[in-house]
Structures are given as structure tokens and as C-alpha cells.
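Enquirer: Input file: input.tsv. Contents: TSV, C-alpha atoms.
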```tsv
chain	number	residue	atom	x	y	z
A	12	MET	CA	25.26	16.19	-10.52
A	13	ASP	CA	23.63	13.15	-9.17
A	14	GLY	CA	22.54	10.15	-11.14
A	15	PRO	CA	19.85	7.51	-11.10
A	16	THR	CA	21.75	5.15	-8.82
A	17	ARG	CA	21.19	7.14	-5.62
A	18	ARG	CA	19.20	5.32	-2.97
A	19	LEU	CA	15.51	6.11	-3.20
A	20	ALA	CA	13.81	7.35	-0.02
A	21	ILE	CA	10.50	5.75	0.97
A	22	ALA	CA	8.78	9.14	1.13
A	23	ASP	CA	9.72	9.72	-2.52
A	24	ALA	CA	9.25	6.15	-3.68
A	25	THR	CA	5.66	5.72	-2.48
A	26	PRO	CA	4.04	8.47	-4.60
A	27	LEU	CA	6.13	7.38	-7.58
A	28	ALA	CA	4.96	3.81	-7.05
A	29	HIS	CA	1.31	4.91	-7.08
A	30	ALA	CA	1.86	6.83	-10.32
A	31	TYR	CA	3.79	3.92	-11.84
A	32	ALA	CA	1.19	1.29	-10.90
A	33	HIS	CA	-1.58	3.44	-12.38
A	34	ALA	CA	0.41	3.78	-15.60
A	35	VAL	CA	0.79	0.00	-15.76
A	36	ALA	CA	-2.94	-0.54	-15.14
A	37	ALA	CA	-3.86	2.12	-17.71
A	38	SER	CA	-1.62	0.45	-20.31
A	39	LEU	CA	-3.77	-2.67	-19.86
A	40	GLY	CA	-7.08	-0.85	-19.66
A	41	VAL	CA	-7.57	-2.05	-16.07
A	42	ARG	CA	-9.22	0.17	-13.46
A	43	MET	CA	-7.31	0.89	-10.26
A	44	LEU	CA	-7.82	2.92	-7.11
A	45	SER	CA	-5.09	4.17	-4.81
A	46	ILE	CA	-6.25	3.52	-1.25
A	47	LYS	CA	-5.04	4.32	2.27
A	48	GLY	CA	-2.06	6.74	2.09
A	49	PRO	CA	-2.88	9.30	-0.64
A	50	ALA	CA	-6.66	8.86	-0.29
A	51	ALA	CA	-6.59	9.24	3.50
A	52	GLU	CA	-4.30	12.24	3.19
A	53	TYR	CA	-6.50	13.91	0.57
A	54	HIS	CA	-9.74	13.38	2.49
A	55	GLU	CA	-8.05	14.10	5.84
A	56	VAL	CA	-9.22	10.75	7.15
A	57	PRO	CA	-7.24	9.64	10.21
A	58	GLY	CA	-5.08	6.59	9.73
A	59	PRO	CA	-1.63	5.66	8.60
A	60	HIS	CA	-0.78	8.33	6.00
A	61	VAL	CA	2.88	7.44	5.65
A	62	SER	CA	3.28	3.91	4.45
A	63	ALA	CA	6.04	1.69	3.20
A	64	ASP	CA	3.53	0.29	0.73
A	65	ALA	CA	1.66	1.74	-2.19
A	66	ASP	CA	-1.75	0.14	-1.63
A	67	LEU	CA	-3.84	-0.34	-4.73
A	68	LEU	CA	-7.32	-1.76	-5.16
A	69	ILE	CA	-7.65	-3.29	-8.60
A	70	ASP	CA	-10.73	-4.25	-10.59
A	71	PRO	CA	-10.91	-7.98	-9.75
A	72	ALA	CA	-11.54	-8.77	-13.42
A	73	GLY	CA	-8.15	-7.32	-14.33
A	74	PHE	CA	-6.18	-8.19	-11.19
A	75	SER	CA	-4.17	-11.04	-12.72
A	76	LEU	CA	-3.37	-8.99	-15.80
A	77	VAL	CA	-1.78	-6.26	-13.69
A	78	VAL	CA	0.13	-8.70	-11.49
A	79	ASP	CA	1.45	-10.59	-14.51
A	80	ARG	CA	2.49	-7.36	-16.22
A	81	LEU	CA	4.34	-6.18	-13.12
A	82	ARG	CA	6.13	-9.53	-12.90
A	83	VAL	CA	7.30	-9.08	-16.48
A	84	ALA	CA	8.58	-5.65	-15.42
A	85	GLY	CA	10.79	-7.23	-12.76
A	86	TRP	CA	8.56	-7.00	-9.71
A	87	ARG	CA	8.44	-10.17	-7.68
A	88	GLU	CA	6.34	-11.40	-4.82
A	89	ARG	CA	7.77	-10.92	-1.36
A	90	PRO	CA	8.31	-14.53	-0.37
A	91	PRO	CA	6.14	-15.31	2.66
A	92	MET	CA	7.25	-17.49	5.53
A	93	ALA	CA	6.12	-21.03	4.80
A	94	GLY	CA	2.68	-21.51	6.33
A	95	THR	CA	1.62	-17.89	6.08
A	96	GLU	CA	0.67	-17.96	2.41
A	97	ASP	CA	-3.04	-17.64	3.11
A	98	TRP	CA	-2.77	-14.75	5.57
A	99	SER	CA	-2.83	-11.98	3.07
A	100	GLU	CA	-6.56	-12.04	2.31
A	101	HIS	CA	-6.30	-11.88	-1.45
A	102	SER	CA	-3.56	-9.36	-1.74
A	103	ILE	CA	-0.13	-9.67	-3.24
A	104	THR	CA	2.92	-7.75	-2.15
A	105	LEU	CA	5.42	-7.09	-4.89
A	106	ILE	CA	8.96	-5.85	-4.43
A	107	ARG	CA	11.65	-4.75	-6.85
A	108	ASP	CA	15.37	-4.13	-6.45
A	109	GLY	CA	16.07	-0.44	-5.91
A	110	TRP	CA	12.58	0.30	-4.62
A	111	PRO	CA	12.28	0.70	-0.85
A	112	CYS	CA	8.47	0.51	-0.94
A	113	ASP	CA	6.26	-2.44	-1.80
A	114	LEU	CA	3.32	-2.54	-4.16
A	115	GLY	CA	0.36	-3.85	-2.14
A	116	LEU	CA	-2.08	-5.12	-4.72
A	117	HIS	CA	-5.60	-5.97	-3.58
A	118	ASP	CA	-8.54	-7.36	-5.49
A	119	ARG	CA	-10.71	-6.96	-2.40
A	120	PHE	CA	-10.44	-5.34	0.98
A	121	PRO	CA	-11.13	-7.45	4.10
A	122	GLY	CA	-14.37	-6.54	5.84
A	123	PHE	CA	-16.34	-5.71	2.70
A	124	LEU	CA	-18.48	-8.84	2.51
A	125	GLU	CA	-20.21	-8.28	-0.81
A	126	PRO	CA	-18.51	-9.91	-3.82
A	127	PRO	CA	-15.24	-8.11	-4.74
A	128	GLY	CA	-16.63	-6.99	-8.10
A	129	VAL	CA	-19.66	-5.36	-6.45
A	130	VAL	CA	-17.45	-3.60	-3.91
A	131	PHE	CA	-15.05	-2.35	-6.56
A	132	GLU	CA	-17.87	-0.98	-8.74
A	133	ALA	CA	-19.35	0.90	-5.78
A	134	LEU	CA	-15.99	2.44	-4.84
A	135	TRP	CA	-15.12	3.15	-8.47
A	136	ARG	CA	-18.46	4.86	-9.17
A	137	ASP	CA	-17.73	7.57	-6.59
A	138	ARG	CA	-13.99	7.87	-7.31
A	139	LEU	CA	-12.18	11.13	-7.79
A	140	PRO	CA	-8.87	11.94	-9.44
A	141	ILE	CA	-6.09	13.53	-7.42
A	142	GLU	CA	-2.56	14.43	-8.33
A	143	VAL	CA	0.19	12.15	-7.02
A	144	ALA	CA	3.77	12.67	-8.21
A	145	GLY	CA	2.44	15.02	-10.85
A	146	ARG	CA	0.10	12.37	-12.29
A	147	SER	CA	-3.63	11.89	-12.03
A	148	VAL	CA	-4.57	8.84	-9.99
A	149	ASP	CA	-8.05	7.74	-8.89
A	150	ILE	CA	-8.95	7.36	-5.24
A	151	PRO	CA	-12.20	6.34	-3.51
A	152	SER	CA	-14.63	8.99	-2.29
A	153	ARG	CA	-14.42	10.25	1.27
A	154	ASP	CA	-17.12	7.74	2.26
A	155	GLY	CA	-15.13	4.88	0.74
A	156	THR	CA	-11.95	6.08	2.40
A	157	ILE	CA	-13.66	6.30	5.80
A	158	LEU	CA	-14.98	2.75	5.48
A	159	ILE	CA	-11.58	1.42	4.43
A	160	ALA	CA	-9.89	3.24	7.33
A	161	ALA	CA	-12.42	1.84	9.80
A	162	LEU	CA	-12.09	-1.72	8.52
A	163	HIS	CA	-8.31	-1.41	8.54
A	164	ALA	CA	-8.39	-0.16	12.13
A	165	LEU	CA	-10.80	-2.90	13.24
A	166	ARG	CA	-8.45	-5.58	11.99
A	167	ARG	CA	-5.86	-4.36	14.46
A	168	TRP	CA	-8.16	-3.87	17.39
A	169	PRO	CA	-8.16	-4.88	20.21
A	170	GLY	CA	-4.82	-6.62	19.66
A	171	PHE	CA	-3.05	-3.37	18.86
A	172	ALA	CA	-3.69	-0.09	20.61
A	173	ARG	CA	-3.11	1.80	17.37
A	174	GLY	CA	-6.24	0.38	15.76
A	175	GLY	CA	-8.35	1.54	18.69
A	176	ALA	CA	-6.73	4.96	18.48
A	177	GLU	CA	-7.46	5.16	14.74
A	178	LEU	CA	-11.13	4.40	15.32
A	179	ALA	CA	-11.28	7.00	18.07
A	180	GLU	CA	-9.71	9.54	15.72
A	181	LEU	CA	-12.28	8.71	13.05
A	182	ARG	CA	-15.09	9.34	15.53
A	183	THR	CA	-13.48	12.58	16.68
A	184	ARG	CA	-13.01	13.78	13.12
A	185	PHE	CA	-16.38	12.80	11.65
A	186	GLY	CA	-18.63	11.80	14.58
A	187	ALA	CA	-20.82	13.78	16.98
A	188	GLY	CA	-22.79	15.54	14.26
A	189	ARG	CA	-19.77	16.70	12.27
A	190	LEU	CA	-21.23	14.98	9.21
A	191	GLY	CA	-24.52	16.42	7.96
A	192	ALA	CA	-27.59	14.22	7.57
A	193	SER	CA	-27.03	13.68	3.85
A	194	ASP	CA	-23.34	12.83	4.40
A	195	GLN	CA	-24.30	10.32	7.07
A	196	ALA	CA	-26.94	8.81	4.79
A	197	SER	CA	-24.48	8.41	1.91
A	198	LEU	CA	-21.89	6.78	4.19
A	199	ASP	CA	-24.52	4.41	5.52
A	200	ALA	CA	-25.72	3.61	2.00
A	201	LEU	CA	-22.19	2.78	0.83
A	202	ALA	CA	-21.62	0.59	3.91
A	203	ARG	CA	-24.78	-1.34	3.01
A	204	GLU	CA	-23.95	-1.60	-0.66
A	205	THR	CA	-20.48	-2.97	0.03
A	206	GLY	CA	-21.62	-5.27	2.83
A	207	CYS	CA	-19.68	-3.90	5.76
A	208	ILE	CA	-22.53	-2.94	8.10
A	209	GLU	CA	-22.08	-6.25	9.95
A	210	SER	CA	-18.30	-6.15	9.88
A	211	LEU	CA	-18.24	-2.63	11.30
A	212	ASP	CA	-20.52	-3.90	14.07
A	213	GLY	CA	-21.49	-0.42	15.28
A	214	ALA	CA	-17.97	1.01	15.10
A	215	LEU	CA	-19.19	3.95	12.98
A	216	ARG	CA	-22.52	4.48	14.74
A	217	ASP	CA	-21.39	7.99	15.65
A	218	LEU	CA	-20.93	8.70	11.94
A	219	GLY	CA	-24.45	7.62	11.08
A	220	VAL	CA	-23.70	4.08	9.92
A	221	THR	CA	-26.63	2.06	11.18
A	222	ASP	CA	-26.37	-1.15	13.13
A	223	ALA	CA	-26.70	-4.53	11.49
A	224	THR	CA	-30.30	-5.54	11.03
A	225	GLY	CA	-29.69	-9.25	10.96
A	226	SER	CA	-30.53	-9.34	7.29
A	227	ARG	CA	-27.16	-10.86	6.43
A	228	ARG	CA	-26.97	-14.50	7.34
A	229	ASP	CA	-24.22	-15.63	9.62
A	230	ASP	CA	-22.15	-16.69	6.67
A	231	PRO	CA	-18.57	-17.99	6.79
A	232	PRO	CA	-16.92	-14.74	5.57
A	233	LEU	CA	-18.62	-12.79	8.35
A	234	ARG	CA	-17.59	-15.35	10.95
A	235	ALA	CA	-14.03	-15.33	9.61
A	236	TRP	CA	-14.00	-11.54	9.82
A	237	ARG	CA	-15.31	-11.57	13.39
A	238	ALA	CA	-12.68	-14.10	14.39
A	239	ARG	CA	-9.98	-11.97	12.84
A	240	VAL	CA	-11.20	-8.85	14.63
A	241	ALA	CA	-11.53	-10.71	17.93
A	242	ALA	CA	-7.93	-11.87	17.55
A	243	GLY	CA	-6.71	-8.38	16.78
A	244	GLY	CA	-5.05	-9.62	13.61
A	245	THR	CA	-2.28	-11.40	15.49
A	246	GLY	CA	-0.16	-14.08	13.90
A	247	THR	CA	-1.26	-16.50	16.62
A	248	HIS	CA	-4.81	-16.34	15.26
A	249	PHE	CA	-3.68	-17.27	11.76
A	250	TRP	CA	-1.46	-20.09	13.01
A	251	LEU	CA	-4.36	-21.56	15.00
A	252	ARG	CA	-6.58	-21.31	11.95
A	253	ARG	CA	-3.96	-23.11	9.91
A	254	LEU	CA	-3.59	-25.87	12.52
A	255	GLU	CA	-7.34	-26.41	12.54
A	256	ARG	CA	-7.36	-26.97	8.81
A	257	LEU	CA	-4.67	-29.66	8.93
A	258	PRO	CA	-5.40	-33.38	9.44
A	259	TRP	CA	-4.62	-34.47	13.01
A	260	ARG	CA	-1.61	-36.54	11.94
A	261	GLU	CA	0.06	-33.46	10.44
A	262	ARG	CA	-0.53	-31.19	13.41
A	263	PRO	CA	2.42	-32.15	15.68
A	264	ARG	CA	4.96	-31.40	12.96
A	265	ALA	CA	3.22	-28.15	12.06
A	266	LEU	CA	3.08	-27.16	15.73
A	267	ALA	CA	6.82	-27.76	16.09
A	268	TYR	CA	7.43	-25.51	13.10
A	269	ILE	CA	5.14	-22.81	14.48
A	270	ILE	CA	6.95	-22.83	17.82
A	271	TRP	CA	10.49	-23.01	16.48
A	272	PRO	CA	10.67	-22.31	12.70
A	273	ASP	CA	13.81	-23.02	10.73
A	274	GLU	CA	16.16	-20.09	10.32
A	275	GLU	CA	15.58	-19.59	6.60
A	276	ASN	CA	11.84	-19.17	7.03
A	277	LEU	CA	12.26	-17.08	10.15
A	278	ARG	CA	14.51	-14.63	8.31
A	279	ARG	CA	12.13	-14.51	5.37
A	280	ALA	CA	9.35	-13.30	7.67
A	281	HIS	CA	11.64	-11.05	9.72
A	282	PRO	CA	14.29	-9.72	7.33
A	283	TRP	CA	15.51	-7.19	9.90
A	284	ILE	CA	17.07	-9.91	12.12
A	285	ALA	CA	20.81	-9.35	12.49
A	286	PRO	CA	23.14	-11.99	11.02
A	287	GLY	CA	24.11	-14.92	13.21
A	288	ARG	CA	22.42	-17.75	15.01
A	289	ARG	CA	22.15	-15.91	18.32
A	290	ALA	CA	20.13	-13.10	16.77
A	291	ALA	CA	17.85	-15.68	15.14
A	292	ASP	CA	17.37	-17.47	18.47
A	293	ARG	CA	16.58	-14.18	20.21
A	294	GLU	CA	13.88	-13.46	17.64
A	295	ARG	CA	12.52	-17.00	18.00
A	296	LEU	CA	12.21	-16.53	21.76
A	297	ALA	CA	10.62	-13.09	21.38
A	298	ARG	CA	8.21	-14.51	18.82
A	299	LEU	CA	7.36	-17.36	21.16
A	300	GLY	CA	6.67	-14.86	23.95
A	301	ARG	CA	4.37	-12.83	21.71
A	302	GLY	CA	2.58	-15.99	20.64
A	303	ALA	CA	2.05	-17.11	24.23
A	304	ARG	CA	0.72	-13.70	25.23
A	305	ASN	CA	-1.69	-13.64	22.28
A	306	LEU	CA	-2.84	-17.24	22.68
A	307	PRO	CA	-5.85	-16.62	24.98
A	308	VAL	CA	-7.24	-13.94	22.66
A	309	ALA	CA	-6.59	-16.08	19.61
A	310	VAL	CA	-8.33	-19.11	21.16
A	311	TRP	CA	-11.28	-16.92	22.05
A	312	ALA	CA	-11.38	-15.68	18.46
A	313	ARG	CA	-11.63	-19.24	17.19
A	314	VAL	CA	-14.57	-19.79	19.56
A	315	VAL	CA	-16.19	-16.63	18.18
A	316	ALA	CA	-15.63	-17.93	14.66
A	317	ARG	CA	-17.65	-21.07	15.37
A	318	ARG	CA	-20.41	-19.51	17.42
A	319	PRO	CA	-23.50	-18.28	15.58
A	320	ARG	CA	-24.79	-14.88	16.71
B	100	MET	CA	14.73	34.15	-26.54
B	101	THR	CA	15.78	32.81	-29.90
B	102	GLY	CA	16.11	29.03	-29.55
B	103	ARG	CA	13.48	26.36	-29.19
B	104	ALA	CA	11.68	26.30	-25.86
B	105	ILE	CA	12.46	23.17	-23.89
B	106	ARG	CA	9.78	21.42	-21.93
B	107	ARG	CA	9.58	18.35	-19.76
B	108	SER	CA	8.12	15.16	-21.19
B	109	SER	CA	4.46	14.68	-20.35
B	110	GLU	CA	5.11	11.04	-19.48
B	111	LEU	CA	6.91	11.62	-16.20
B	112	ALA	CA	6.05	11.09	-12.57
B	113	VAL	CA	7.89	13.67	-10.51
B	114	VAL	CA	8.34	14.13	-6.80
B	115	GLU	CA	9.74	17.57	-5.99
B	116	ARG	CA	11.25	18.34	-2.59
B	117	PRO	CA	12.99	21.50	-1.42
B	118	ASP	CA	16.46	20.00	-1.87
B	119	HIS	CA	15.95	17.33	-4.51
B	120	ALA	CA	13.62	15.86	-7.08
B	121	VAL	CA	13.03	12.32	-8.26
B	122	ILE	CA	11.67	11.62	-11.71
B	123	LEU	CA	10.37	8.43	-13.25
B	124	ASP	CA	9.83	7.91	-16.97
B	125	LEU	CA	6.45	6.23	-17.30
B	126	ARG	CA	7.10	5.22	-20.90
B	127	LEU	CA	9.59	2.68	-19.57
B	128	LEU	CA	7.21	0.48	-17.59
B	129	ASP	CA	9.67	-2.43	-17.75
B	130	LYS	CA	12.52	-0.30	-16.43
B	131	PRO	CA	11.17	1.77	-13.56
B	132	ASP	CA	14.46	3.34	-12.47
B	133	PRO	CA	13.85	6.70	-10.80
B	134	MET	CA	16.40	9.44	-11.43
B	135	HIS	CA	17.50	11.52	-8.46
B	136	LEU	CA	18.35	15.17	-9.04
B	137	ASP	CA	20.01	17.60	-6.67
B	138	GLY	CA	22.56	20.41	-6.80
B	139	THR	CA	23.12	21.83	-10.28
B	140	ALA	CA	20.99	19.11	-11.89
B	141	LEU	CA	18.06	20.21	-9.75
B	142	ALA	CA	18.61	23.86	-10.66
B	143	ILE	CA	18.62	22.94	-14.34
B	144	TRP	CA	15.50	20.80	-13.96
B	145	ARG	CA	13.66	23.63	-12.24
B	146	ALA	CA	14.70	26.03	-14.99
B	147	ILE	CA	13.01	23.80	-17.58
B	148	ASP	CA	9.61	25.45	-17.51
B	149	GLY	CA	8.46	25.01	-21.09
B	150	GLN	CA	9.24	28.66	-21.85
B	151	ARG	CA	13.04	28.90	-21.73
B	152	ASP	CA	15.44	27.82	-24.45
B	153	ARG	CA	18.98	26.55	-23.73
B	154	THR	CA	20.44	30.03	-23.41
B	155	ALA	CA	17.74	31.12	-21.00
B	156	ILE	CA	18.17	27.94	-18.97
B	157	VAL	CA	21.92	28.60	-18.66
B	158	ALA	CA	21.15	32.14	-17.50
B	159	ALA	CA	18.56	30.95	-15.00
B	160	VAL	CA	20.95	28.36	-13.54
B	161	ALA	CA	23.80	30.86	-13.46
B	162	SER	CA	21.65	33.29	-11.50
B	163	VAL	CA	21.28	30.80	-8.68
B	164	ARG	CA	24.60	28.94	-8.93
B	165	VAL	CA	27.68	30.58	-10.49
B	166	SER	CA	28.51	32.46	-13.68
B	167	SER	CA	27.17	31.54	-17.12
B	168	GLU	CA	30.63	30.54	-18.35
B	169	ASP	CA	31.04	28.11	-15.48
B	170	VAL	CA	27.66	26.42	-15.79
B	171	GLU	CA	27.24	26.40	-19.56
B	172	PRO	CA	29.10	23.11	-20.19
B	173	ASP	CA	27.27	21.38	-17.33
B	174	VAL	CA	23.90	22.62	-18.51
B	175	ALA	CA	24.57	21.63	-22.11
B	176	SER	CA	25.77	18.19	-21.11
B	177	PHE	CA	22.86	17.58	-18.75
B	178	LEU	CA	20.25	18.81	-21.24
B	179	ASP	CA	21.75	16.52	-23.87
B	180	ASP	CA	21.49	13.64	-21.44
B	181	LEU	CA	17.86	14.44	-20.59
B	182	GLU	CA	17.02	14.78	-24.27
B	183	ARG	CA	18.69	11.45	-25.08
B	184	ARG	CA	16.58	9.80	-22.38
B	185	GLY	CA	13.43	11.46	-23.72
B	186	LEU	CA	12.81	13.27	-20.44
B	187	ILE	CA	12.66	16.64	-22.19
B	188	VAL	CA	11.49	17.58	-25.65
```
Before we go any further, please render this structure as C-alpha cells.
Expert:
Amino acid sequence: MDGPTRRLAIADATPLAHAYAHAVAASLGVRMLSIKGPAAEYHEVPGPHVSADADLLIDPAGFSLVVDRLRVAGWRERPPMAGTEDWSEHSITLIRDGWPCDLGLHDRFPGFLEPPGVVFEALWRDRLPIEVAGRSVDIPSRDGTILIAALHALRRWPGFARGGAELAELRTRFGAGRLGASDQASLDALARETGCIESLDGALRDLGVTDATGSRRDDPPLRAWRARVAAGGTGTHFWLRRLERLPWRERPRALAYIIWPDEENLRRAHPWIAPGRRAADRERLARLGRGARNLPVAVWARVVARRPR
Amino acid sequence: MTGRAIRRSSELAVVERPDHAVILDLRLLDKPDPMHLDGTALAIWRAIDGQRDRTAIVAAVASVRVSSEDVEPDVASFLDDLERRGLIV
């Protein structure tokens, strides 16, 4: 007979992690929604169904409570590479020894431009319970899951082909009249309520989500979102953004670090690098190549970020 | 059936696969250590349906594994272990 020490497979760990996180939140009286994986699978919404993370959207009012409780329970934050601390858009990734999957804790989801509390209430209102690992967990409605999938895909596009493919799959699955008029109206209404009409920028027109009317001012969050989308979510975009925020005198040193980071930080961001200095140097060169290739798009994204529409 | 029916705790998260199961006791939020079951342990776990007592569980496991005499000590020991952990009641 086998015991509890056997290595846990990701496919088994992820549903257990959802159930566990919900139990933690419930013990604190904090509301939580499982997003992406189980929600997308349940609603048959195209996107990444198999994930190494259990992604959880938490009532912003109780976010810190849940994070603190999980820390007490031995979960710890995946240490980011120095300089990338502000990339995660208000999410925290927690890891724990023996667990091959992460807990991705979000108090907001990028692309929803209304205040996080407003967005959570809208998604929570239409939630539904599903069974994950034999436990009841709450997920957003199909409309909420479609919007999250679209925003997730937009973050990767056009930098990554997969994001474009995910959007195309969404249109194939729900576009071209496959949603009835009332379904289209409810999707459009939720997009308005959560403030993602402008961020979607017509991406779900085929699903009945109307175009932006210009009612939302060109506010900084929308510009930041557009810059991120224009950059395809590449690291180069975030590094440029970080450089811009630094005083001029600090930029040369930061630039040197960006181009050739120290080995400790490099390995923290890329834990799969084989031991040895040669392997680290190979990754540095590959990283530099990726950065150079992404630079034109990232520069253009910064221009987009400054330019009013 | 003469003994007390044994059932699984209601505070478990369980992932069941064709060749194994993984269970997590959600009462122990500070110690989330999943327990992996396969082989005879899995057969015993699957026989715990809330209806069977120990004798019936031994018979159910024996029907899919080996004879009752051979599995009885394993079943008894494993059920004791599960009971001690609070995974069955």
C-alpha cells in the first residue's frame, strides 16, 4: 500500500488545490471564485484548461486575510526575479513543498477596468457551484468565464500565437450567431458592468459585445492595458516600463542588470536552467535574443501607452 | 451485515483516477498533505461506500484482489490507520 509521501501529479494536485483554497477561504468567511481551468472546462470555453496553477479570484476585501492564512499554513510566495515584482498585476503566486502546482491568487483580473470590488460583485452575483475534487466550489457564469478567457488571450496577443488562437476559438465556439440575442445581451451587459468593453476593443464583436462608445475616458489603467496588449505581454515591455519609472541616474545600472542579470536572480526566474555556469550563460544569451526580437514591439507599446486615442 | 457501516469523512477532497486516488483532509488546513492510494489501499478505499462494515469491506476487497484470509490483516490495518487519521468514521 502506498503512503502520503508519493509525488503528487499536477493533474491531481490542481483540483485538490482549488478545493483546499476554497476551504481556507470558507474558514475565514471570504468569498472566492475558481477561474480559468475548472470554470473554462465546465462552460466549455476555449482556453488553457490544464494549468500548473489553481487560479482563484478572491473578494478584494478579504484578499489579505486569505493570503496571510495560507502563509501560516506553510505556503510561501514564489520569489520573483529582482525587478519583476510589479509584473504580476495584483496577484500573488504561492508555492508549498510537496505541491507541484501553484496557488494563483488574484484580487482583480487585468483588463476589467472597473474597481476590483465592483468586478468581483458582478462575477460573484452570477456564480454557480460545481464539483471539484468532490467538493463544491464557486465559479463565474459562462459570461464571466468568456470575458476572462478573452482578456487572458488578449494579454498574449499578438506577441504569442496561442493568444490569437484562443480568441479565434472563442469566436468559433460562441460567435456567428451561436449565442442567442438574450445571451449576447447578457454578455455585453456584463462587459459594460465590469469595464472591459474598451479593453476588449472589439475582440468579442462576433459574440455581441458592442464596441467602445468613448464614454470611458482615456484613463491610465486603460492606457496601461493597451500598452500591455500591444506588447503581447512580453518581458521586454515590462522591463521598458520599469526603466521609464527610474530616475535617469539609475538607468545605466538597471539596464546592465536587464541585459545580463546575476546568476541567482536568473535562476529564480528560470528554475529549469541546468546546473553550471555554461547553462546559465546559454539562458542569458537566449533571453537576450528574445529581448532583442521583442524590442520593436515593446517600444511601440510604450508609444501606444502615451498616445491618447 | 452485522457491524457498523463505515463511511468516508465528509471533510475530504478526493481525486479519483482509474488506477489511483488522492485524498486531502480539509480539516487540516495547516497540514495539506495529500495521501496517495493505489493497489490494495485503493481497493479498500473504493469498498468504503457508507454501507459496508469491516467484514463486508474485506469481502469486497477479496473479490477483486485475493482471498479473504490474505487481505483481512491488510484491510484491518489500513482501516485502523484511516480511522486514526479521521478519514473514515
Enquirer: So that I can see what lies close to stretch 32-34 of chain A, please list as a PyMOL selection string the residues with an atom at most 8 Å from it, counting all atoms listed in the file and leaving out residues fewer than 4 positions away in the same chain.
Expert: (chain A and resi 28+38+43+148) or (chain B and resi 125+128)
Enquirer: One number please: atom CA of A:Arg252 to atom CA of A:Gly206, in Å, one decimal.
Expert: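 Computed distance, atom CA of A:Arg252 to atom CA of A:Gly206, equals 23.8 Å.
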Enquirer: Need the shell around B:Thr154: protein/DNA/RNA residues with any atom at most 9 Å away, counting all atoms listed in the file. Skip same-chain ones fewer than 2 positions apart. Format as a PyMOL selection string?
Expert: chain B and resi 100-102+151-152+156-159+171
Enquirer: Could you state the separation of atom CA of A:Ile106 and atom CA of A:Ala37 in Å, given to one decimal place?
Expert: 20.1 Å
Enquirer: Give as a ChimeraX atom specification every residue of chain A that touches chain B within 10 Å, counting all atoms listed in the file.
Expert: /A:12-20,22-35,38,80-86,107-110,143-147
Enquirer: Which residues are near B:Gly149? Cut-off 10 Å, all atoms listed in the file, ignore same chain within fewer than 6 positions. Put them as a list in words.
Expert: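 Contacts, with the query itself left out: Arg103, Ala104, Ile105, Arg106, Arg107, Ser108, Ile187 and Val188 of chain B.
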Enquirer: Just write the chosen residues, C-alpha atoms, as a PDB file, keeping the file's coordinate frame.
Expert:
```
ATOM      1  CA  ARG B 103      13.480  26.360 -29.190  1.00  0.00           C
ATOM      2  CA  ALA B 104      11.680  26.300 -25.860  1.00  0.00           C
ATOM      3  CA  ILE B 105      12.460  23.170 -23.890  1.00  0.00           C
ATOM      4  CA  ARG B 106       9.780  21.420 -21.930  1.00  0.00           C
ATOM      5  CA  ARG B 107       9.580  18.350 -19.760  1.00  0.00           C
ATOM      6  CA  SER B 108       8.120  15.160 -21.190  1.00  0.00           C
ATOM      7  CA  ILE B 187      12.660  16.640 -22.190  1.00  0.00           C
ATOM      8  CA  VAL B 188      11.490  17.580 -25.650  1.00  0.00           C
TER       9      VAL B 188
END
```
Enquirer: In Å to one decimal, how far is atom CA of A:Ile150 from atom CA of A:Ser45?
Expert: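 Spanning atom CA of A:Ser45 to atom CA of A:Ile150 is a straight-line distance of 5.0 Å.
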Enquirer: Report, as lines of an AutoDock Vina configuration file, the axis-aligned box around all atoms of stretch 260-276 of chain A present in the file, extended by 6 Å on each side; give centre and edge lengths in Å to one decimal place.
Expert:
```
center_x = 7.3
center_y = -27.9
center_z = 12.2
size_x = 29.8
size_y = 29.4
size_z = 23.2
```
Enquirer: Which residue gives the smallest distance to A:Ala223 among A:Leu299, A:Arg288, A:Arg239, A:Ala202, with all atoms listed in the file counted?
Expert: A:Ala202
Enquirer: Report as a list in words all protein, DNA and RNA residues lying within 8 Å of A:Trp236, evaluated on only C-alpha atoms, omitting residues in the same chain fewer than 2 positions from it.
Expert: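 After dropping sequence-adjacent residues, the list is Pro121, Gly122, Ser210, Pro232, Leu233, Arg234, Ala238, Arg239 and Val240 of chain A.
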Enquirer: Tell me which protein, DNA and RNA residues are within 10 Å of stretch 213-218 of chain A, counting only C-alpha atoms, leaving out same-chain ones fewer than 6 positions away, and put them as a list in words.
Expert: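 Selected residues are Ile157, Leu158, Ala161, Leu162, Leu165, Leu178, Ala179, Leu181, Arg182, Thr183, Arg184, Phe185, Gly186, Ala187, Gly188, Arg189, Leu190, Gly191, Ala192, Asp194, Gln195, Ala196, Leu198, Asp199 and Ala202 of chain A.
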Enquirer: I need every residue sitting at most 10 Å from the point (17.4, -12.6, 13.4) (coordinates as in the file, only C-alpha atoms considered), written as JSON, numbers by chain.
Expert: {"A": [274, 275, 277, 278, 279, 280, 281, 282, 283, 284, 285, 286, 287, 288, 289, 290, 291, 292, 293, 294, 295]}
Enquirer: Write out, as a PDB file, in the frame of the given file, the residues just selected, with C-alpha atoms.
Expert:
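Saved as part-v4.pdb:
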```pdb
ATOM      1  CA  GLU A 274      16.160 -20.090  10.320  1.00  0.00           C
ATOM      2  CA  GLU A 275      15.580 -19.590   6.600  1.00  0.00           C
ATOM      3  CA  LEU A 277      12.260 -17.080  10.150  1.00  0.00           C
ATOM      4  CA  ARG A 278      14.510 -14.630   8.310  1.00  0.00           C
ATOM      5  CA  ARG A 279      12.130 -14.510   5.370  1.00  0.00           C
ATOM      6  CA  ALA A 280       9.350 -13.300   7.670  1.00  0.00           C
ATOM      7  CA  HIS A 281      11.640 -11.050   9.720  1.00  0.00           C
ATOM      8  CA  PRO A 282      14.290  -9.720   7.330  1.00  0.00           C
ATOM      9  CA  TRP A 283      15.510  -7.190   9.900  1.00  0.00           C
ATOM     10  CA  ILE A 284      17.070  -9.910  12.120  1.00  0.00           C
ATOM     11  CA  ALA A 285      20.810  -9.350  12.490  1.00  0.00           C
ATOM     12  CA  PRO A 286      23.140 -11.990  11.020  1.00  0.00           C
ATOM     13  CA  GLY A 287      24.110 -14.920  13.210  1.00  0.00           C
ATOM     14  CA  ARG A 288      22.420 -17.750  15.010  1.00  0.00           C
ATOM     15  CA  ARG A 289      22.150 -15.910  18.320  1.00  0.00           C
ATOM     16  CA  ALA A 290      20.130 -13.100  16.770  1.00  0.00           C
ATOM     17  CA  ALA A 291      17.850 -15.680  15.140  1.00  0.00           C
ATOM     18  CA  ASP A 292      17.370 -17.470  18.470  1.00  0.00           C
ATOM     19  CA  ARG A 293      16.580 -14.180  20.210  1.00  0.00           C
ATOM     20  CA  GLU A 294      13.880 -13.460  17.640  1.00  0.00           C
ATOM     21  CA  ARG A 295      12.520 -17.000  18.000  1.00  0.00           C
TER      22      ARG A 295
END
```
